[in-house]
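Engineer: Sharing input_4.cif here; it has mmCIF, N, CA and C atoms and all ligand atoms.
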data_upload
#
loop_
_atom_site.label_atom_id
_atom_site.label_comp_id
_atom_site.auth_asym_id
_atom_site.auth_seq_id
_atom_site.Cartn_x
_atom_site.Cartn_y
_atom_site.Cartn_z
N MET K 1 54.97 48.23 65.77
CA MET K 1 55.63 47.94 64.50
C MET K 1 55.81 46.43 64.33
N ALA K 2 55.41 45.96 63.17
CA ALA K 2 55.57 44.52 62.92
C ALA K 2 57.04 44.22 62.65
N LEU K 3 57.54 43.17 63.28
CA LEU K 3 58.93 42.78 63.10
C LEU K 3 59.14 42.05 61.79
N LEU K 4 58.13 41.32 61.45
CA LEU K 4 58.25 40.46 60.28
C LEU K 4 57.00 40.65 59.44
N ASN K 5 57.19 40.95 58.17
CA ASN K 5 56.04 41.11 57.30
C ASN K 5 55.94 39.92 56.36
N TRP K 6 54.73 39.43 56.25
CA TRP K 6 54.50 38.32 55.35
C TRP K 6 54.68 38.78 53.92
N SER K 7 55.34 38.00 53.12
CA SER K 7 55.37 38.33 51.70
C SER K 7 55.32 37.02 50.93
N SER K 8 55.07 37.13 49.63
CA SER K 8 54.87 35.92 48.84
C SER K 8 56.12 35.03 48.81
N GLU K 9 57.29 35.60 49.11
CA GLU K 9 58.50 34.76 49.12
C GLU K 9 58.39 33.65 50.16
N PHE K 10 57.52 33.85 51.16
CA PHE K 10 57.35 32.84 52.20
C PHE K 10 56.40 31.70 51.78
N SER K 11 55.71 31.89 50.68
CA SER K 11 54.70 30.91 50.32
C SER K 11 55.31 29.54 50.00
N VAL K 12 54.71 28.49 50.58
CA VAL K 12 55.18 27.14 50.28
C VAL K 12 54.25 26.47 49.26
N GLY K 13 53.31 27.22 48.73
CA GLY K 13 52.44 26.70 47.68
C GLY K 13 51.26 25.88 48.17
N ILE K 14 51.10 25.80 49.48
CA ILE K 14 49.98 25.05 50.05
C ILE K 14 49.24 26.04 50.96
N GLU K 15 48.01 26.36 50.56
CA GLU K 15 47.30 27.48 51.20
C GLU K 15 47.18 27.35 52.72
N ILE K 16 46.80 26.17 53.17
CA ILE K 16 46.57 26.04 54.62
C ILE K 16 47.87 26.21 55.41
N ILE K 17 48.96 25.75 54.83
CA ILE K 17 50.24 25.92 55.53
C ILE K 17 50.67 27.39 55.51
N ASP K 18 50.44 28.06 54.39
CA ASP K 18 50.75 29.50 54.36
C ASP K 18 49.95 30.21 55.45
N LYS K 19 48.70 29.82 55.61
CA LYS K 19 47.87 30.47 56.64
C LYS K 19 48.42 30.20 58.03
N GLN K 20 48.87 28.98 58.25
CA GLN K 20 49.45 28.65 59.56
C GLN K 20 50.71 29.48 59.81
N HIS K 21 51.54 29.59 58.77
CA HIS K 21 52.76 30.40 58.91
C HIS K 21 52.41 31.86 59.20
N MET K 22 51.35 32.35 58.55
CA MET K 22 50.94 33.74 58.79
C MET K 22 50.53 33.94 60.25
N ILE K 23 49.88 32.95 60.82
CA ILE K 23 49.47 33.06 62.23
C ILE K 23 50.71 33.09 63.13
N LEU K 24 51.71 32.28 62.79
CA LEU K 24 52.95 32.30 63.58
C LEU K 24 53.64 33.67 63.48
N VAL K 25 53.65 34.22 62.28
CA VAL K 25 54.24 35.55 62.08
C VAL K 25 53.50 36.56 62.95
N ARG K 26 52.16 36.45 62.96
CA ARG K 26 51.37 37.40 63.75
C ARG K 26 51.64 37.23 65.24
N ALA K 27 51.79 36.01 65.68
CA ALA K 27 52.06 35.78 67.11
C ALA K 27 53.40 36.40 67.51
N ILE K 28 54.40 36.27 66.65
CA ILE K 28 55.70 36.88 66.96
C ILE K 28 55.58 38.40 66.95
N ASN K 29 54.84 38.93 66.00
CA ASN K 29 54.65 40.38 65.95
C ASN K 29 53.90 40.88 67.19
N LEU K 30 52.93 40.11 67.63
CA LEU K 30 52.18 40.50 68.84
C LEU K 30 53.11 40.54 70.05
N LEU K 31 53.96 39.55 70.12
CA LEU K 31 54.90 39.50 71.23
C LEU K 31 55.82 40.73 71.17
N ALA K 32 56.26 41.07 69.96
CA ALA K 32 57.12 42.25 69.80
C ALA K 32 56.39 43.51 70.25
N MET K 33 55.12 43.60 69.90
CA MET K 33 54.35 44.78 70.29
C MET K 33 54.19 44.85 71.80
N ALA K 34 53.95 43.69 72.41
CA ALA K 34 53.79 43.67 73.86
C ALA K 34 55.09 44.08 74.55
N VAL K 35 56.22 43.61 74.01
CA VAL K 35 57.52 43.98 74.60
C VAL K 35 57.75 45.48 74.44
N GLU K 36 57.48 45.97 73.22
CA GLU K 36 57.68 47.38 72.90
C GLU K 36 56.87 48.29 73.81
N ARG K 37 55.66 47.86 74.15
CA ARG K 37 54.79 48.71 74.98
C ARG K 37 54.84 48.36 76.45
N ASN K 38 55.90 47.65 76.82
CA ASN K 38 56.05 47.26 78.22
C ASN K 38 54.83 46.53 78.77
N GLY K 39 54.37 45.59 78.01
CA GLY K 39 53.21 44.81 78.45
C GLY K 39 53.51 44.06 79.74
N SER K 40 52.45 43.69 80.42
CA SER K 40 52.64 42.96 81.67
C SER K 40 53.22 41.58 81.40
N GLN K 41 53.80 41.02 82.43
CA GLN K 41 54.34 39.66 82.37
C GLN K 41 53.24 38.70 81.94
N GLU K 42 52.03 38.96 82.46
CA GLU K 42 50.90 38.07 82.17
C GLU K 42 50.55 38.10 80.68
N LEU K 43 50.53 39.28 80.11
CA LEU K 43 50.20 39.42 78.69
C LEU K 43 51.26 38.71 77.83
N MET K 44 52.53 38.97 78.13
CA MET K 44 53.60 38.36 77.34
C MET K 44 53.58 36.84 77.48
N SER K 45 53.30 36.42 78.69
CA SER K 45 53.24 34.99 78.95
C SER K 45 52.13 34.33 78.13
N GLU K 46 50.99 34.98 78.05
CA GLU K 46 49.87 34.45 77.25
C GLU K 46 50.24 34.36 75.77
N ILE K 47 50.85 35.41 75.26
CA ILE K 47 51.21 35.42 73.84
C ILE K 47 52.28 34.36 73.56
N PHE K 48 53.24 34.28 74.47
CA PHE K 48 54.32 33.30 74.31
C PHE K 48 53.74 31.88 74.31
N HIS K 49 52.82 31.67 75.22
CA HIS K 49 52.18 30.36 75.32
C HIS K 49 51.46 30.03 74.01
N THR K 50 50.75 31.02 73.47
CA THR K 50 50.03 30.83 72.21
C THR K 50 51.02 30.50 71.08
N LEU K 51 52.13 31.20 71.06
CA LEU K 51 53.14 30.97 70.03
C LEU K 51 53.67 29.53 70.09
N VAL K 52 54.02 29.09 71.29
CA VAL K 52 54.57 27.73 71.45
C VAL K 52 53.51 26.68 71.10
N ASP K 53 52.32 26.91 71.60
CA ASP K 53 51.23 25.98 71.38
C ASP K 53 50.90 25.84 69.89
N TYR K 54 50.82 26.98 69.23
CA TYR K 54 50.46 26.93 67.82
C TYR K 54 51.61 26.39 66.97
N THR K 55 52.83 26.64 67.42
CA THR K 55 54.00 26.08 66.72
C THR K 55 53.91 24.55 66.75
N ASN K 56 53.56 24.03 67.91
CA ASN K 56 53.36 22.59 68.06
C ASN K 56 52.31 22.05 67.10
N THR K 57 51.19 22.73 67.05
CA THR K 57 50.08 22.33 66.17
C THR K 57 50.53 22.36 64.71
N HIS K 58 51.22 23.43 64.36
CA HIS K 58 51.67 23.58 62.98
C HIS K 58 52.69 22.51 62.58
N PHE K 59 53.67 22.27 63.46
CA PHE K 59 54.68 21.25 63.17
C PHE K 59 54.00 19.89 63.00
N ALA K 60 53.07 19.60 63.88
CA ALA K 60 52.38 18.31 63.81
C ALA K 60 51.62 18.19 62.49
N TYR K 61 51.04 19.29 62.05
CA TYR K 61 50.30 19.27 60.79
C TYR K 61 51.23 18.95 59.61
N GLU K 62 52.35 19.64 59.57
CA GLU K 62 53.32 19.37 58.49
C GLU K 62 53.77 17.91 58.55
N GLU K 63 54.06 17.43 59.75
CA GLU K 63 54.59 16.08 59.88
C GLU K 63 53.58 15.01 59.46
N GLU K 64 52.30 15.32 59.71
CA GLU K 64 51.26 14.39 59.26
C GLU K 64 51.25 14.29 57.74
N LEU K 65 51.41 15.45 57.09
CA LEU K 65 51.47 15.44 55.62
C LEU K 65 52.69 14.67 55.13
N PHE K 66 53.83 14.87 55.80
CA PHE K 66 55.05 14.16 55.40
C PHE K 66 54.83 12.65 55.48
N ASP K 67 54.27 12.22 56.60
CA ASP K 67 54.05 10.78 56.81
C ASP K 67 53.06 10.23 55.79
N TYR K 68 52.01 10.98 55.59
CA TYR K 68 50.95 10.52 54.70
C TYR K 68 51.42 10.38 53.26
N TYR K 69 52.20 11.37 52.80
CA TYR K 69 52.63 11.34 51.41
C TYR K 69 54.04 10.76 51.22
N GLY K 70 54.67 10.37 52.31
CA GLY K 70 56.00 9.75 52.21
C GLY K 70 57.08 10.70 51.74
N TYR K 71 57.10 11.89 52.32
CA TYR K 71 58.13 12.88 51.97
C TYR K 71 59.51 12.33 52.32
N PRO K 72 60.43 12.30 51.35
CA PRO K 72 61.75 11.67 51.60
C PRO K 72 62.56 12.32 52.72
N GLN K 73 62.37 13.61 52.96
CA GLN K 73 63.19 14.26 54.00
C GLN K 73 62.47 14.36 55.35
N THR K 74 61.52 13.48 55.55
CA THR K 74 60.71 13.52 56.78
C THR K 74 61.56 13.52 58.05
N ASP K 75 62.49 12.59 58.16
CA ASP K 75 63.24 12.47 59.41
C ASP K 75 64.04 13.74 59.72
N LYS K 76 64.71 14.23 58.71
CA LYS K 76 65.52 15.43 58.89
C LYS K 76 64.64 16.61 59.31
N HIS K 77 63.51 16.73 58.64
CA HIS K 77 62.63 17.86 58.93
C HIS K 77 62.03 17.73 60.34
N LYS K 78 61.66 16.52 60.71
CA LYS K 78 61.12 16.32 62.07
C LYS K 78 62.15 16.67 63.13
N GLN K 79 63.40 16.28 62.86
CA GLN K 79 64.47 16.60 63.82
C GLN K 79 64.63 18.10 63.96
N GLU K 80 64.51 18.78 62.84
CA GLU K 80 64.64 20.24 62.89
C GLU K 80 63.50 20.85 63.71
N HIS K 81 62.30 20.35 63.51
CA HIS K 81 61.16 20.83 64.30
C HIS K 81 61.42 20.64 65.79
N LYS K 82 61.91 19.46 66.12
CA LYS K 82 62.13 19.13 67.52
C LYS K 82 63.16 20.08 68.13
N ALA K 83 64.24 20.30 67.39
CA ALA K 83 65.29 21.18 67.90
C ALA K 83 64.79 22.62 68.05
N LEU K 84 63.99 23.06 67.09
CA LEU K 84 63.46 24.42 67.15
C LEU K 84 62.55 24.60 68.37
N LEU K 85 61.69 23.63 68.56
CA LEU K 85 60.75 23.71 69.67
C LEU K 85 61.49 23.66 71.01
N GLU K 86 62.50 22.81 71.08
CA GLU K 86 63.28 22.71 72.31
C GLU K 86 63.97 24.03 72.65
N LYS K 87 64.49 24.68 71.62
CA LYS K 87 65.16 25.98 71.83
C LYS K 87 64.19 27.01 72.40
N VAL K 88 63.01 27.06 71.79
CA VAL K 88 62.03 28.05 72.25
C VAL K 88 61.55 27.71 73.66
N LEU K 89 61.33 26.44 73.91
CA LEU K 89 60.88 26.04 75.25
C LEU K 89 61.94 26.32 76.30
N ALA K 90 63.20 26.07 75.94
CA ALA K 90 64.29 26.34 76.88
C ALA K 90 64.32 27.83 77.21
N PHE K 91 64.14 28.65 76.20
CA PHE K 91 64.14 30.08 76.46
C PHE K 91 62.93 30.48 77.32
N LYS K 92 61.78 29.92 76.99
CA LYS K 92 60.55 30.25 77.73
C LYS K 92 60.73 29.93 79.22
N ARG K 93 61.36 28.79 79.48
CA ARG K 93 61.59 28.39 80.88
C ARG K 93 62.53 29.37 81.59
N GLN K 94 63.60 29.76 80.87
CA GLN K 94 64.56 30.72 81.45
C GLN K 94 63.86 32.04 81.76
N TRP K 95 63.04 32.46 80.84
CA TRP K 95 62.33 33.73 81.02
C TRP K 95 61.36 33.64 82.20
N GLU K 96 60.64 32.54 82.25
CA GLU K 96 59.66 32.38 83.33
C GLU K 96 60.31 32.32 84.71
N SER K 97 61.54 31.81 84.76
CA SER K 97 62.20 31.73 86.05
C SER K 97 63.05 32.97 86.33
N GLY K 98 62.89 33.98 85.47
CA GLY K 98 63.59 35.25 85.71
C GLY K 98 65.06 35.24 85.32
N GLN K 99 65.49 34.22 84.60
CA GLN K 99 66.91 34.14 84.22
C GLN K 99 67.21 34.78 82.87
N ALA K 100 66.16 35.18 82.17
CA ALA K 100 66.38 35.80 80.86
C ALA K 100 65.35 36.89 80.63
N ASP K 101 65.74 37.90 79.89
CA ASP K 101 64.83 38.99 79.57
C ASP K 101 64.22 38.78 78.19
N LEU K 102 62.99 39.21 78.08
CA LEU K 102 62.36 39.15 76.77
C LEU K 102 62.66 40.50 76.11
N GLY K 103 63.70 40.53 75.32
CA GLY K 103 64.11 41.80 74.71
C GLY K 103 64.35 41.64 73.23
N PRO K 104 64.97 42.64 72.62
CA PRO K 104 65.20 42.63 71.17
C PRO K 104 65.96 41.39 70.66
N GLU K 105 66.93 40.88 71.45
CA GLU K 105 67.71 39.72 70.96
C GLU K 105 66.80 38.50 70.82
N VAL K 106 65.90 38.34 71.79
CA VAL K 106 65.02 37.18 71.75
C VAL K 106 64.04 37.29 70.59
N LEU K 107 63.54 38.50 70.39
CA LEU K 107 62.61 38.69 69.29
C LEU K 107 63.31 38.44 67.96
N LYS K 108 64.56 38.88 67.89
CA LYS K 108 65.33 38.65 66.67
C LYS K 108 65.53 37.15 66.48
N PHE K 109 65.82 36.47 67.58
CA PHE K 109 65.99 35.02 67.51
C PHE K 109 64.71 34.34 66.98
N LEU K 110 63.56 34.77 67.48
CA LEU K 110 62.30 34.16 67.05
C LEU K 110 62.01 34.44 65.57
N VAL K 111 62.28 35.67 65.16
CA VAL K 111 62.06 36.03 63.76
C VAL K 111 62.97 35.20 62.86
N ASP K 112 64.25 35.12 63.23
CA ASP K 112 65.21 34.35 62.42
C ASP K 112 64.82 32.88 62.37
N TRP K 113 64.42 32.40 63.53
CA TRP K 113 64.00 31.02 63.70
C TRP K 113 62.90 30.67 62.71
N LEU K 114 61.87 31.50 62.65
CA LEU K 114 60.75 31.23 61.76
C LEU K 114 61.13 31.47 60.30
N ARG K 115 61.78 32.57 60.05
CA ARG K 115 62.13 32.92 58.67
C ARG K 115 63.04 31.86 58.04
N HIS K 116 64.09 31.49 58.79
CA HIS K 116 65.02 30.52 58.22
C HIS K 116 64.39 29.15 58.03
N HIS K 117 63.52 28.79 58.95
CA HIS K 117 62.89 27.48 58.80
C HIS K 117 61.95 27.44 57.59
N ILE K 118 61.16 28.49 57.44
CA ILE K 118 60.23 28.50 56.30
C ILE K 118 61.01 28.58 54.99
N LEU K 119 61.93 29.54 54.92
CA LEU K 119 62.65 29.74 53.65
C LEU K 119 63.64 28.62 53.37
N GLY K 120 64.24 28.08 54.44
CA GLY K 120 65.28 27.07 54.25
C GLY K 120 64.75 25.65 54.15
N SER K 121 63.85 25.27 55.04
CA SER K 121 63.43 23.87 55.08
C SER K 121 62.02 23.64 54.55
N ASP K 122 61.08 24.49 54.96
CA ASP K 122 59.71 24.27 54.51
C ASP K 122 59.60 24.38 52.99
N LYS K 123 60.27 25.36 52.45
CA LYS K 123 60.14 25.54 50.99
C LYS K 123 60.67 24.35 50.20
N LYS K 124 61.50 23.52 50.85
CA LYS K 124 62.03 22.34 50.16
C LYS K 124 60.94 21.30 49.89
N TYR K 125 59.87 21.31 50.68
CA TYR K 125 58.85 20.27 50.45
C TYR K 125 57.81 20.70 49.42
N THR K 126 57.83 21.97 49.02
CA THR K 126 56.81 22.46 48.09
C THR K 126 56.63 21.56 46.87
N GLY K 127 57.72 21.35 46.13
CA GLY K 127 57.62 20.58 44.89
C GLY K 127 57.03 19.21 45.14
N PHE K 128 57.57 18.51 46.13
CA PHE K 128 57.12 17.16 46.40
C PHE K 128 55.66 17.11 46.86
N LEU K 129 55.32 17.91 47.84
CA LEU K 129 53.97 17.83 48.41
C LEU K 129 52.89 18.32 47.45
N VAL K 130 53.17 19.41 46.75
CA VAL K 130 52.15 19.93 45.83
C VAL K 130 51.83 18.86 44.79
N GLU K 131 52.87 18.21 44.29
CA GLU K 131 52.63 17.18 43.28
C GLU K 131 51.92 15.97 43.87
N ALA K 132 52.37 15.54 45.04
CA ALA K 132 51.75 14.37 45.67
C ALA K 132 50.28 14.64 45.98
N MET K 133 49.97 15.85 46.41
CA MET K 133 48.59 16.18 46.74
C MET K 133 47.73 16.25 45.48
N GLN K 134 48.32 16.78 44.41
CA GLN K 134 47.56 16.85 43.15
C GLN K 134 47.26 15.45 42.63
N GLN K 135 48.25 14.57 42.71
CA GLN K 135 48.05 13.20 42.23
C GLN K 135 47.00 12.48 43.03
N ALA K 136 47.01 12.73 44.35
CA ALA K 136 46.04 12.06 45.23
C ALA K 136 44.62 12.52 44.92
N HIS K 137 44.49 13.73 44.43
CA HIS K 137 43.15 14.26 44.15
C HIS K 137 42.78 14.20 42.68
N ALA K 138 43.66 13.57 41.89
CA ALA K 138 43.38 13.53 40.44
C ALA K 138 42.31 12.48 40.13
FE FE M 1 56.32 25.35 58.72
FE FE M 2 58.62 22.81 59.02
#
Can you present the structure in this file as structure tokens?
Ligand SMILES: [Fe+2]
Ligand SMILES: [Fe+2]

Structural biologist:
Amino acid sequence: MALLNWSSEFSVGIEIIDKQHMILVRAINLLAMAVERNGSQELMSEIFHTLVDYTNTHFAYEEELFDYYGYPQTDKHKQEHKALLEKVLAFKRQWESGQADLGPEVLKFLVDWLRHHILGSDKKYTGFLVEAMQQAHA
């Protein structure tokens, strides 16, 4: 069962970023499926690694756009990315050292983490970036 379903409310109006967000949603859903089916530590570890790695790639992509187009809330948004990544990495370390379980609370945390960031912070750049990109290509 997918924990999080993509819907148009998540769209930030920039196709490539929507696609990146969809991949993150899928990675979280995969992790949920692996947990649900009692997947091996190795399988969960691989999926978790992919999630963290792709999150990094995605954040860097957004930040490059912010820098390039001079998005006014760049610093705040970058700080949020950093804090989000640190939280996930801290959890990943705890889990890897056997100090934390990968269970429903963690999955809920990951879903909330992504949902709130997209709906709360990412959607704030839509107006600015869509216009800046259109002007650059006019
Ligand atoms: Fe994002
Ligand atoms: Fe973001």

Engineer: If I wrap all listed atoms of region 110-129 of chain K in a box with edges along x, y and z and add 6 Å on each side, what are its centre and edge lengths in Å to one decimal, as lines of an AutoDock Vina configuration file?

Structural biologist:
center_x = 59.1
center_y = 26.6
center_z = 56.2
size_x = 24.4
size_y = 30.9
size_z = 34.6

Engineer: For the atom pair CA of Leu51 (chain K) and atom N of Tyr71 (chain K), what is the interatomic distance in Å to one decimal place?

Structural biologist: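 Result for CA of Leu51 (chain K) versus atom N of Tyr71 (chain K): 26.3 Å, one decimal.
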
Engineer: Listing only residues of region 23-137 of chain K within 6 Å of region 2-14 of chain K, what is the closest atom pair and its distance in Å (to one decimal) for each, using all atoms listed in the file, sorted by chain and residue number ascending, as a Markdown table?

Structural biologist:
| residue | atom | partner | partner_atom | distance |
| --- | --- | --- | --- | --- |
| K:Asn29 | CA | K:Leu3 | N | 4.8 |
| K:Asp122 | C | K:Val12 | CA | 5.9 |
| K:Lys123 | CA | K:Val12 | CA | 5.3 |
| K:Thr126 | CA | K:Val12 | C | 4.9 |

Engineer: With N, CA and C atoms kept, could you save the residues just selected as a compact mmCIF listing (two decimals), in the frame of the given file?

Structural biologist:
# COMPACT_ATOMS: atom_id res chain seq x y z
N ASN K 29 54.84 38.93 66.00
CA ASN K 29 54.65 40.38 65.95
C ASN K 29 53.90 40.88 67.19
N ASP K 122 61.08 24.49 54.96
CA ASP K 122 59.71 24.27 54.51
C ASP K 122 59.60 24.38 52.99
N LYS K 123 60.27 25.36 52.45
CA LYS K 123 60.14 25.54 50.99
C LYS K 123 60.67 24.35 50.20
N THR K 126 57.83 21.97 49.02
CA THR K 126 56.81 22.46 48.09
C THR K 126 56.63 21.56 46.87

Engineer: With all atoms listed in the file counted, collect every polymer residue having an atom within 6 Å of ligand FE 2 (chain M); state the result as an mmCIF file with N, CA and C atoms, in the coordinates of the input.

Structural biologist:
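Written output follows (result10.cif):
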data_model
loop_
_atom_site.group_PDB
_atom_site.id
_atom_site.type_symbol
_atom_site.label_atom_id
_atom_site.label_comp_id
_atom_site.auth_asym_id
_atom_site.auth_seq_id
_atom_site.Cartn_x
_atom_site.Cartn_y
_atom_site.Cartn_z
ATOM 1 N N PHE K 59 53.670 22.270 63.460
ATOM 2 C CA PHE K 59 54.680 21.250 63.170
ATOM 3 C C PHE K 59 54.000 19.890 63.000
ATOM 4 N N HIS K 117 63.520 28.790 58.950
ATOM 5 C CA HIS K 117 62.890 27.480 58.800
ATOM 6 C C HIS K 117 61.950 27.440 57.590
ATOM 7 N N SER K 121 63.850 25.270 55.040
ATOM 8 C CA SER K 121 63.430 23.870 55.080
ATOM 9 C C SER K 121 62.020 23.640 54.550
ATOM 10 N N ASP K 122 61.080 24.490 54.960
ATOM 11 C CA ASP K 122 59.710 24.270 54.510
ATOM 12 C C ASP K 122 59.600 24.380 52.990
#

Engineer: Can you list, as a PyMOL selection string, every protein, DNA or RNA residue that comes within 7 Å of region 92-107 of chain K when you count only C-alpha atoms, leaving out same-chain residues fewer than 3 positions away?

Structural biologist: chain K and resi 32+35+88-89+110-111

Engineer: Write to file, as a compact mmCIF listing (two decimals), keeping the file's coordinate frame, the residues of the selection just made, with N, CA and C atoms.

Structural biologist:
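The file below, again.txt, is the result:
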# COMPACT_ATOMS: atom_id res chain seq x y z
N ALA K 32 56.26 41.07 69.96
CA ALA K 32 57.12 42.25 69.80
C ALA K 32 56.39 43.51 70.25
N VAL K 35 56.22 43.61 74.01
CA VAL K 35 57.52 43.98 74.60
C VAL K 35 57.75 45.48 74.44
N VAL K 88 63.01 27.06 71.79
CA VAL K 88 62.03 28.05 72.25
C VAL K 88 61.55 27.71 73.66
N LEU K 89 61.33 26.44 73.91
CA LEU K 89 60.88 26.04 75.25
C LEU K 89 61.94 26.32 76.30
N LEU K 110 63.56 34.77 67.48
CA LEU K 110 62.30 34.16 67.05
C LEU K 110 62.01 34.44 65.57
N VAL K 111 62.28 35.67 65.16
CA VAL K 111 62.06 36.03 63.76
C VAL K 111 62.97 35.20 62.86
